[in-house]
There are 2 protein chains.
Amino acid sequence: MLDSVPSFATLVSELAKLPGIGRKTASRLAFFILKQPPEQAEALAAAIKSLKEKVRFCSHCFQMTEHDFCSICMDPRRDGSLLCIVEEPQDVVAIERSRSFQGLYHVLHGALSPLDGIGPDALKIPELKKRLMDGSVKEVIIATNFNVKGETTALYLARLIRPLNVRVTRLAHGIPLGSDLEYIDEATVGRAVTARQEF
Amino acid sequence: MLDSVPSFATLVSELAKLPGIGRKTASRLAFFILKQPPEQAEALAAAIKSLKEKVRFCSHCFQMTEHDFCSICMDPRRDGSLLCIVEEPQDVVAIERSRSFQGLYHVLHGALSPLDGIGPDALKIPELKKRLMDGSVKEVIIATNFNVKGETTALYLARLIRPLNVRVTRLAHGIPLGSDLEYIDEATVGRAVTARQEF
C-alpha cells in the first residue's frame, strides 16, 4: 500500500534514521505531519535546514554557536583559568544547567576509541593542547562520560595535561541526590564510602 | 546556554510538537541532526516538504495518494461490492497488511465526537452516502476503532446504511492470536465466549 505513495515512504525512511525512532514510530510521525496544516510542516522543514545553515562551532571551545565565538567564550565574567573538558555540545548544556561552573569549556566532539579508529587527532585534542600552551589555564576539569571510552579519554588527557603544570580534576563519583541507598549499585556505593566527606 | 543558539532552540520546539516527543527527546534529535552531514538533514527537510506537496487524498475513498485516485481504487482486481470504512489512512495500511480484504475502502478522517463539535459533516460521511447511492456496494464492513468515539461512529453509520439495503458488518471481537487466555481482560473473554465458533 505505502509503495504507491513514494513521498510518504521516503519520509518514513528518513525519520527512521533518527536515533530511538523505529519504522513504527516513523510512520506514526509521518501520518501526524500529513494531518498538520502545511505551515506547520513547512516550519519543521525550515527549522532543520536553518539549523544546518546557521549553527557552527565556536573557534575557541567548539561548542555550538551562530557566530565565530560562543556566548560562553564571549562572556567576560567567566573564569578563564578553569577549563572543563566534555565530549559533546549537549554535555555543556547539562553542566550549565547545574549553575555550578563559571569557567570555560572545551568540547572534544567525541571520545577516544582506538578500535573505531578514533585517535586524538580525530577529536579536538590538538586544539586543546594549543589552548593550554599560553599558561592561562590553571585547572582542567575532565568531564568526559563515565563509560569505557570516556574513562580512556580521561586517562589519556590527564597524562597529556599534568606535565604542563596544570591541575587536573575529574567530576566526583557518589550517590545521586534524592536517591534511596538500597537501589544504588554496589560499585557506586563503594566509591561514595571511599570518597566520604566531612559533614 | 541554548538561548544563544536560536536556530537550535527553534528546531527543538518544532520537534517537540510531534506526538510522543518531549523536549528531552527533541533536544537529542536536534543534536543528532546537528552532527549529521548536511545532505542528510537536507534529505529529511526535503522529505517533509515533499510529503505535504505531493500527498493528496483519493477523490473516491480519501486514502492518501499522489494522484487523483489511490492505487486501491484504481486496481481492477478489487471487489467494488465490499466497502470497508475506517477512521484514518493508517487503518487502511493495517488492514492491507493482514491481506484478508479484497474490497475497497472509505476513510472517514476521524470519528464522531459531538463534545468536540465533530459531527457527520466534519467527516467524509456525506461522501460515503453519495458513494452508496449507486447500489454497487452490497456489504459495508465498519472498521472504526473499538473505543467510545469509534463505537459511536459505528452505531451512527449502521443506522444510516441499513435502510439503504446494504449488509452492515463489524470487525469481530475475540481473543488476539498467540495470546495467553489468563492475560486477556474479562470483557474480551466474555465476547469471545458469546461469539464462539464451530471448530
# chains A, B, ... in the order shown; residues from 1 in each chain; ligands from 1

call {"tool": "residues_around", "arguments": {"residues": "Glu14 (chain B)", "least_positions_apart": "6", "cutoff": "12 Å", "atoms": "only C-alpha atoms", "output": "ChimeraX atom specification"}}
result
/A:33,39-48,51 /B:7-8,21-23,25-27,29-30

call {"tool": "residues_around", "arguments": {"residues": "Ala94 (chain B)", "least_positions_apart": "4", "cutoff": "12 Å", "atoms": "only C-alpha atoms", "output": "MDAnalysis selection string"}}
result
(chainID A and resid 1:2 24 27) or (chainID B and resid 86:90 98:101 143)

call {"tool": "closest_residue", "arguments": {"among": "A:Thr188, A:Ser50, A:Gln197, A:Asn147", "to": "chain B", "atoms": "only C-alpha atoms"}}
result
A:Ser50

call {"tool": "closest_residue", "arguments": {"among": "B:His173, B:Arg167, B:Lys124, B:Lys129", "to": "Phe146 (chain B)", "atoms": "only C-alpha atoms"}}
result
B:His173

call {"tool": "select_by_dssp", "arguments": {"residues": "chain B", "states": "strand (DSSP E or B)", "output": "JSON, numbers by chain"}}
result
{"B": [56, 57, 64, 65, 79, 80, 81, 82, 83, 84, 85, 86, 103, 104, 105, 106, 107, 113, 118, 139, 140, 141, 142, 167, 168, 169, 170]}

call {"tool": "atom_distance", "arguments": {"atom1": "CA of His67 (chain A)", "atom2": "CA of Val92 (chain A)"}}
result
17.2 Å

call {"tool": "closest_residue", "arguments": {"among": "B:Gly190, B:Gly110, B:Pro176, B:Pro76", "to": "chain A", "atoms": "only C-alpha atoms"}}
result
B:Gly110

call {"tool": "residues_around", "arguments": {"residues": "Ser136 (chain A)", "least_positions_apart": "6", "cutoff": "10 Å", "atoms": "only C-alpha atoms", "output": "ChimeraX atom specification"}}
result
/A:80-83,166

call {"tool": "residues_around", "arguments": {"residues": "Leu104 (chain A)", "least_positions_apart": "5", "cutoff": "10 Å", "atoms": "only C-alpha atoms", "output": "list of chain:residue names"}}
result
A:His60, A:Cys61, A:Ile72, A:Cys73, A:Met74, A:Asp75, A:Arg78, A:Asp79, A:Gly80, A:Ser81, A:Leu82, A:Leu83, A:Cys84, A:Ile85, A:Val92, A:Val137, A:Val140

call {"tool": "write_last_selection", "arguments": {"atoms": "N, CA and C atoms", "output": "compact mmCIF listing (two decimals), in the first residue's frame"}}
result
# COMPACT_ATOMS: atom_id res chain seq x y z
N HIS A 60 36.96 28.69 19.44
CA HIS A 60 37.76 28.61 20.64
C HIS A 60 37.50 27.30 21.39
N CYS A 61 36.22 27.04 21.72
CA CYS A 61 35.91 25.88 22.58
C CYS A 61 35.13 24.79 21.83
N ILE A 72 29.54 31.72 25.78
CA ILE A 72 30.32 31.49 27.00
C ILE A 72 31.73 32.07 26.85
N CYS A 73 32.38 31.77 25.70
CA CYS A 73 33.72 32.29 25.48
C CYS A 73 33.72 33.82 25.42
N MET A 74 32.60 34.41 24.96
CA MET A 74 32.50 35.86 24.81
C MET A 74 32.14 36.56 26.13
N ASP A 75 31.79 35.79 27.15
CA ASP A 75 31.30 36.37 28.40
C ASP A 75 32.49 36.73 29.30
N ARG A 78 33.21 35.01 32.83
CA ARG A 78 33.64 33.62 33.01
C ARG A 78 35.13 33.58 33.37
N ASP A 79 35.49 32.58 34.17
CA ASP A 79 36.85 32.45 34.68
C ASP A 79 37.72 31.64 33.71
N GLY A 80 38.62 32.34 33.03
CA GLY A 80 39.46 31.71 32.01
C GLY A 80 40.53 30.78 32.57
N SER A 81 40.69 30.73 33.90
CA SER A 81 41.72 29.86 34.47
C SER A 81 41.19 28.45 34.73
N LEU A 82 39.86 28.28 34.58
CA LEU A 82 39.21 26.99 34.80
C LEU A 82 38.69 26.47 33.47
N LEU A 83 39.08 25.25 33.10
CA LEU A 83 38.63 24.73 31.80
C LEU A 83 37.99 23.36 32.00
N CYS A 84 36.76 23.21 31.54
CA CYS A 84 36.05 21.94 31.68
C CYS A 84 36.01 21.24 30.32
N ILE A 85 36.51 20.00 30.28
CA ILE A 85 36.56 19.27 29.00
C ILE A 85 35.39 18.28 28.93
N VAL A 92 27.86 20.34 27.66
CA VAL A 92 27.99 21.74 28.11
C VAL A 92 26.63 22.19 28.65
N VAL A 137 45.37 28.76 31.74
CA VAL A 137 44.53 27.77 32.40
C VAL A 137 45.28 27.16 33.59
N VAL A 140 42.15 22.00 34.92
CA VAL A 140 41.32 21.37 33.90
C VAL A 140 40.43 20.35 34.60

call {"tool": "residues_around", "arguments": {"residues": "Met133 (chain B)", "least_positions_apart": "2", "cutoff": "12 Å", "atoms": "only C-alpha atoms", "output": "compact mmCIF listing (two decimals) with N, CA and C atoms, in the first residue's frame"}}
result
# COMPACT_ATOMS: atom_id res chain seq x y z
N PRO B 126 -20.89 12.53 4.32
CA PRO B 126 -21.72 12.88 3.15
C PRO B 126 -21.21 12.20 1.88
N GLU B 127 -19.86 12.14 1.73
CA GLU B 127 -19.26 11.49 0.56
C GLU B 127 -19.56 9.98 0.57
N LEU B 128 -19.63 9.40 1.77
CA LEU B 128 -19.94 7.97 1.89
C LEU B 128 -21.37 7.71 1.42
N LYS B 129 -22.30 8.55 1.88
CA LYS B 129 -23.71 8.39 1.48
C LYS B 129 -23.84 8.41 -0.04
N LYS B 130 -23.18 9.39 -0.64
CA LYS B 130 -23.22 9.55 -2.10
C LYS B 130 -22.70 8.28 -2.78
N ARG B 131 -21.59 7.74 -2.19
CA ARG B 131 -20.95 6.55 -2.76
C ARG B 131 -21.87 5.35 -2.73
N GLY B 135 -25.81 1.80 -5.60
CA GLY B 135 -26.23 0.41 -5.41
C GLY B 135 -25.18 -0.65 -5.69
N SER B 136 -23.94 -0.24 -6.03
CA SER B 136 -22.94 -1.27 -6.34
C SER B 136 -22.39 -1.93 -5.08
N VAL B 137 -22.44 -1.22 -3.95
CA VAL B 137 -21.92 -1.79 -2.70
C VAL B 137 -22.97 -2.70 -2.06
N LYS B 138 -22.57 -3.97 -1.78
CA LYS B 138 -23.51 -4.93 -1.19
C LYS B 138 -23.28 -5.10 0.31
N ILE B 161 -26.82 3.30 7.18
CA ILE B 161 -26.61 2.46 6.00
C ILE B 161 -27.67 1.37 5.84
N PRO B 163 -30.93 1.19 6.12
CA PRO B 163 -32.11 1.47 5.27
C PRO B 163 -31.81 1.46 3.78
N LEU B 164 -30.51 1.52 3.43
CA LEU B 164 -30.14 1.54 2.00
C LEU B 164 -30.08 0.13 1.42
N ASN B 165 -30.49 -0.86 2.25
CA ASN B 165 -30.48 -2.23 1.78
C ASN B 165 -29.07 -2.76 1.50
N VAL B 166 -28.16 -2.39 2.39
CA VAL B 166 -26.78 -2.84 2.29
C VAL B 166 -26.47 -3.62 3.56

call {"tool": "atom_distance", "arguments": {"atom1": "CA of Pro6 (chain B)", "atom2": "CA of Leu18 (chain B)"}}
result
19.4 Å

call {"tool": "atom_distance", "arguments": {"atom1": "CA of Thr10 (chain A)", "atom2": "CA of Val55 (chain B)"}}
result
11.9 Å

call {"tool": "select_by_dssp", "arguments": {"residues": "chain B", "states": "alpha helix (DSSP H)", "output": "PyMOL selection string"}}
result
chain B and resi 6-15+23-35+38-54+89-97+125-133+148-161+186-194

call {"tool": "closest_residue", "arguments": {"among": "B:Glu182, B:Cys70, B:Phe62, B:His106", "to": "chain A", "atoms": "only C-alpha atoms"}}
result
B:Cys70

call {"tool": "decode", "arguments": {"residues": "region 99-112 of chain A", "atoms": "all heavy atoms", "output": "mmCIF file, in the first residue's frame"}}
result
data_model
loop_
_atom_site.group_PDB
_atom_site.id
_atom_site.type_symbol
_atom_site.label_atom_id
_atom_site.label_comp_id
_atom_site.auth_asym_id
_atom_site.auth_seq_id
_atom_site.Cartn_x
_atom_site.Cartn_y
_atom_site.Cartn_z
ATOM 1 N N ARG A 99 24.385 25.224 37.027
ATOM 2 C CA ARG A 99 24.827 26.534 37.540
ATOM 3 C C ARG A 99 25.951 26.389 38.567
ATOM 4 O O ARG A 99 26.032 27.135 39.538
ATOM 5 C CB ARG A 99 23.666 27.278 38.219
ATOM 6 C CG ARG A 99 22.539 27.590 37.269
ATOM 7 C CD ARG A 99 21.294 27.999 38.027
ATOM 8 N NE ARG A 99 20.176 28.166 37.110
ATOM 9 C CZ ARG A 99 19.880 29.326 36.513
ATOM 10 N NH1 ARG A 99 20.583 30.390 36.748
ATOM 11 N NH2 ARG A 99 18.850 29.382 35.689
ATOM 12 N N SER A 100 26.822 25.411 38.384
ATOM 13 C CA SER A 100 27.856 25.165 39.376
ATOM 14 C C SER A 100 29.253 25.460 38.834
ATOM 15 O O SER A 100 30.237 25.227 39.505
ATOM 16 C CB SER A 100 27.791 23.706 39.822
ATOM 17 O OG SER A 100 27.965 22.872 38.696
ATOM 18 N N PHE A 101 29.320 25.960 37.598
ATOM 19 C CA PHE A 101 30.618 26.118 36.960
ATOM 20 C C PHE A 101 30.693 27.475 36.285
ATOM 21 O O PHE A 101 29.807 27.843 35.512
ATOM 22 C CB PHE A 101 30.809 24.988 35.940
ATOM 23 C CG PHE A 101 32.121 25.037 35.215
ATOM 24 C CD1 PHE A 101 33.299 24.743 35.885
ATOM 25 C CD2 PHE A 101 32.177 25.384 33.873
ATOM 26 C CE1 PHE A 101 34.521 24.803 35.220
ATOM 27 C CE2 PHE A 101 33.384 25.433 33.205
ATOM 28 C CZ PHE A 101 34.565 25.137 33.886
ATOM 29 N N GLN A 102 31.758 28.216 36.556
ATOM 30 C CA GLN A 102 31.877 29.566 35.992
ATOM 31 C C GLN A 102 33.082 29.719 35.066
ATOM 32 O O GLN A 102 33.433 30.827 34.688
ATOM 33 C CB GLN A 102 31.960 30.602 37.125
ATOM 34 C CG GLN A 102 30.599 30.892 37.750
ATOM 35 C CD GLN A 102 29.603 31.401 36.714
ATOM 36 O OE1 GLN A 102 29.938 32.195 35.841
ATOM 37 N NE2 GLN A 102 28.373 30.908 36.765
ATOM 38 N N GLY A 103 33.696 28.563 34.737
ATOM 39 C CA GLY A 103 34.873 28.635 33.865
ATOM 40 C C GLY A 103 34.500 28.519 32.398
ATOM 41 O O GLY A 103 33.356 28.777 32.012
ATOM 42 N N LEU A 104 35.453 28.110 31.577
ATOM 43 C CA LEU A 104 35.211 27.923 30.146
ATOM 44 C C LEU A 104 35.183 26.420 29.823
ATOM 45 O O LEU A 104 35.489 25.596 30.685
ATOM 46 C CB LEU A 104 36.314 28.611 29.337
ATOM 47 C CG LEU A 104 36.451 30.117 29.568
ATOM 48 C CD1 LEU A 104 37.594 30.675 28.708
ATOM 49 C CD2 LEU A 104 35.146 30.842 29.216
ATOM 50 N N TYR A 105 34.807 26.102 28.596
ATOM 51 C CA TYR A 105 34.698 24.696 28.186
ATOM 52 C C TYR A 105 35.634 24.380 27.033
ATOM 53 O O TYR A 105 36.108 25.274 26.328
ATOM 54 C CB TYR A 105 33.269 24.396 27.727
ATOM 55 C CG TYR A 105 32.254 24.436 28.823
ATOM 56 C CD1 TYR A 105 31.556 25.613 29.105
ATOM 57 C CD2 TYR A 105 31.982 23.308 29.585
ATOM 58 C CE1 TYR A 105 30.620 25.657 30.123
ATOM 59 C CE2 TYR A 105 31.039 23.342 30.602
ATOM 60 C CZ TYR A 105 30.366 24.521 30.859
ATOM 61 O OH TYR A 105 29.442 24.551 31.866
ATOM 62 N N HIS A 106 35.822 23.088 26.824
ATOM 63 C CA HIS A 106 36.445 22.618 25.585
ATOM 64 C C HIS A 106 35.696 21.345 25.170
ATOM 65 O O HIS A 106 35.677 20.365 25.913
ATOM 66 C CB HIS A 106 37.932 22.327 25.784
ATOM 67 C CG HIS A 106 38.653 22.128 24.493
ATOM 68 N ND1 HIS A 106 39.144 23.177 23.743
ATOM 69 C CD2 HIS A 106 38.930 21.007 23.786
ATOM 70 C CE1 HIS A 106 39.708 22.710 22.645
ATOM 71 N NE2 HIS A 106 39.587 21.389 22.642
ATOM 72 N N VAL A 107 35.061 21.394 24.006
ATOM 73 C CA VAL A 107 34.260 20.262 23.541
ATOM 74 C C VAL A 107 35.111 19.398 22.608
ATOM 75 O O VAL A 107 35.570 19.873 21.566
ATOM 76 C CB VAL A 107 32.990 20.746 22.800
ATOM 77 C CG1 VAL A 107 32.120 19.563 22.400
ATOM 78 C CG2 VAL A 107 32.194 21.720 23.668
ATOM 79 N N LEU A 108 35.310 18.142 22.976
ATOM 80 C CA LEU A 108 36.165 17.245 22.187
ATOM 81 C C LEU A 108 35.494 16.745 20.904
ATOM 82 O O LEU A 108 36.147 16.354 19.965
ATOM 83 C CB LEU A 108 36.566 16.032 23.026
ATOM 84 C CG LEU A 108 37.396 16.298 24.284
ATOM 85 C CD1 LEU A 108 37.589 14.983 25.052
ATOM 86 C CD2 LEU A 108 38.751 16.894 23.917
ATOM 87 N N HIS A 109 34.162 16.735 20.890
ATOM 88 C CA HIS A 109 33.385 16.159 19.792
ATOM 89 C C HIS A 109 33.658 14.662 19.643
ATOM 90 O O HIS A 109 33.947 14.169 18.552
ATOM 91 C CB HIS A 109 33.616 16.910 18.490
ATOM 92 C CG HIS A 109 32.885 18.211 18.474
ATOM 93 N ND1 HIS A 109 31.614 18.337 17.998
ATOM 94 C CD2 HIS A 109 33.217 19.430 18.966
ATOM 95 C CE1 HIS A 109 31.209 19.586 18.159
ATOM 96 N NE2 HIS A 109 32.165 20.274 18.757
ATOM 97 N N GLY A 110 33.546 13.955 20.771
ATOM 98 C CA GLY A 110 33.705 12.508 20.763
ATOM 99 C C GLY A 110 34.603 12.064 21.901
ATOM 100 O O GLY A 110 34.999 12.864 22.746
ATOM 101 N N ALA A 111 34.895 10.763 21.906
ATOM 102 C CA ALA A 111 35.803 10.207 22.909
ATOM 103 C C ALA A 111 36.764 9.281 22.168
ATOM 104 O O ALA A 111 36.443 8.812 21.067
ATOM 105 C CB ALA A 111 35.010 9.450 23.957
ATOM 106 N N LEU A 112 37.904 9.039 22.771
ATOM 107 C CA LEU A 112 38.884 8.147 22.139
ATOM 108 C C LEU A 112 38.291 6.751 21.996
ATOM 109 O O LEU A 112 37.617 6.262 22.899
ATOM 110 C CB LEU A 112 40.153 8.055 22.990
ATOM 111 C CG LEU A 112 41.012 9.319 23.057
ATOM 112 C CD1 LEU A 112 42.163 9.100 24.036
ATOM 113 C CD2 LEU A 112 41.547 9.665 21.678
#
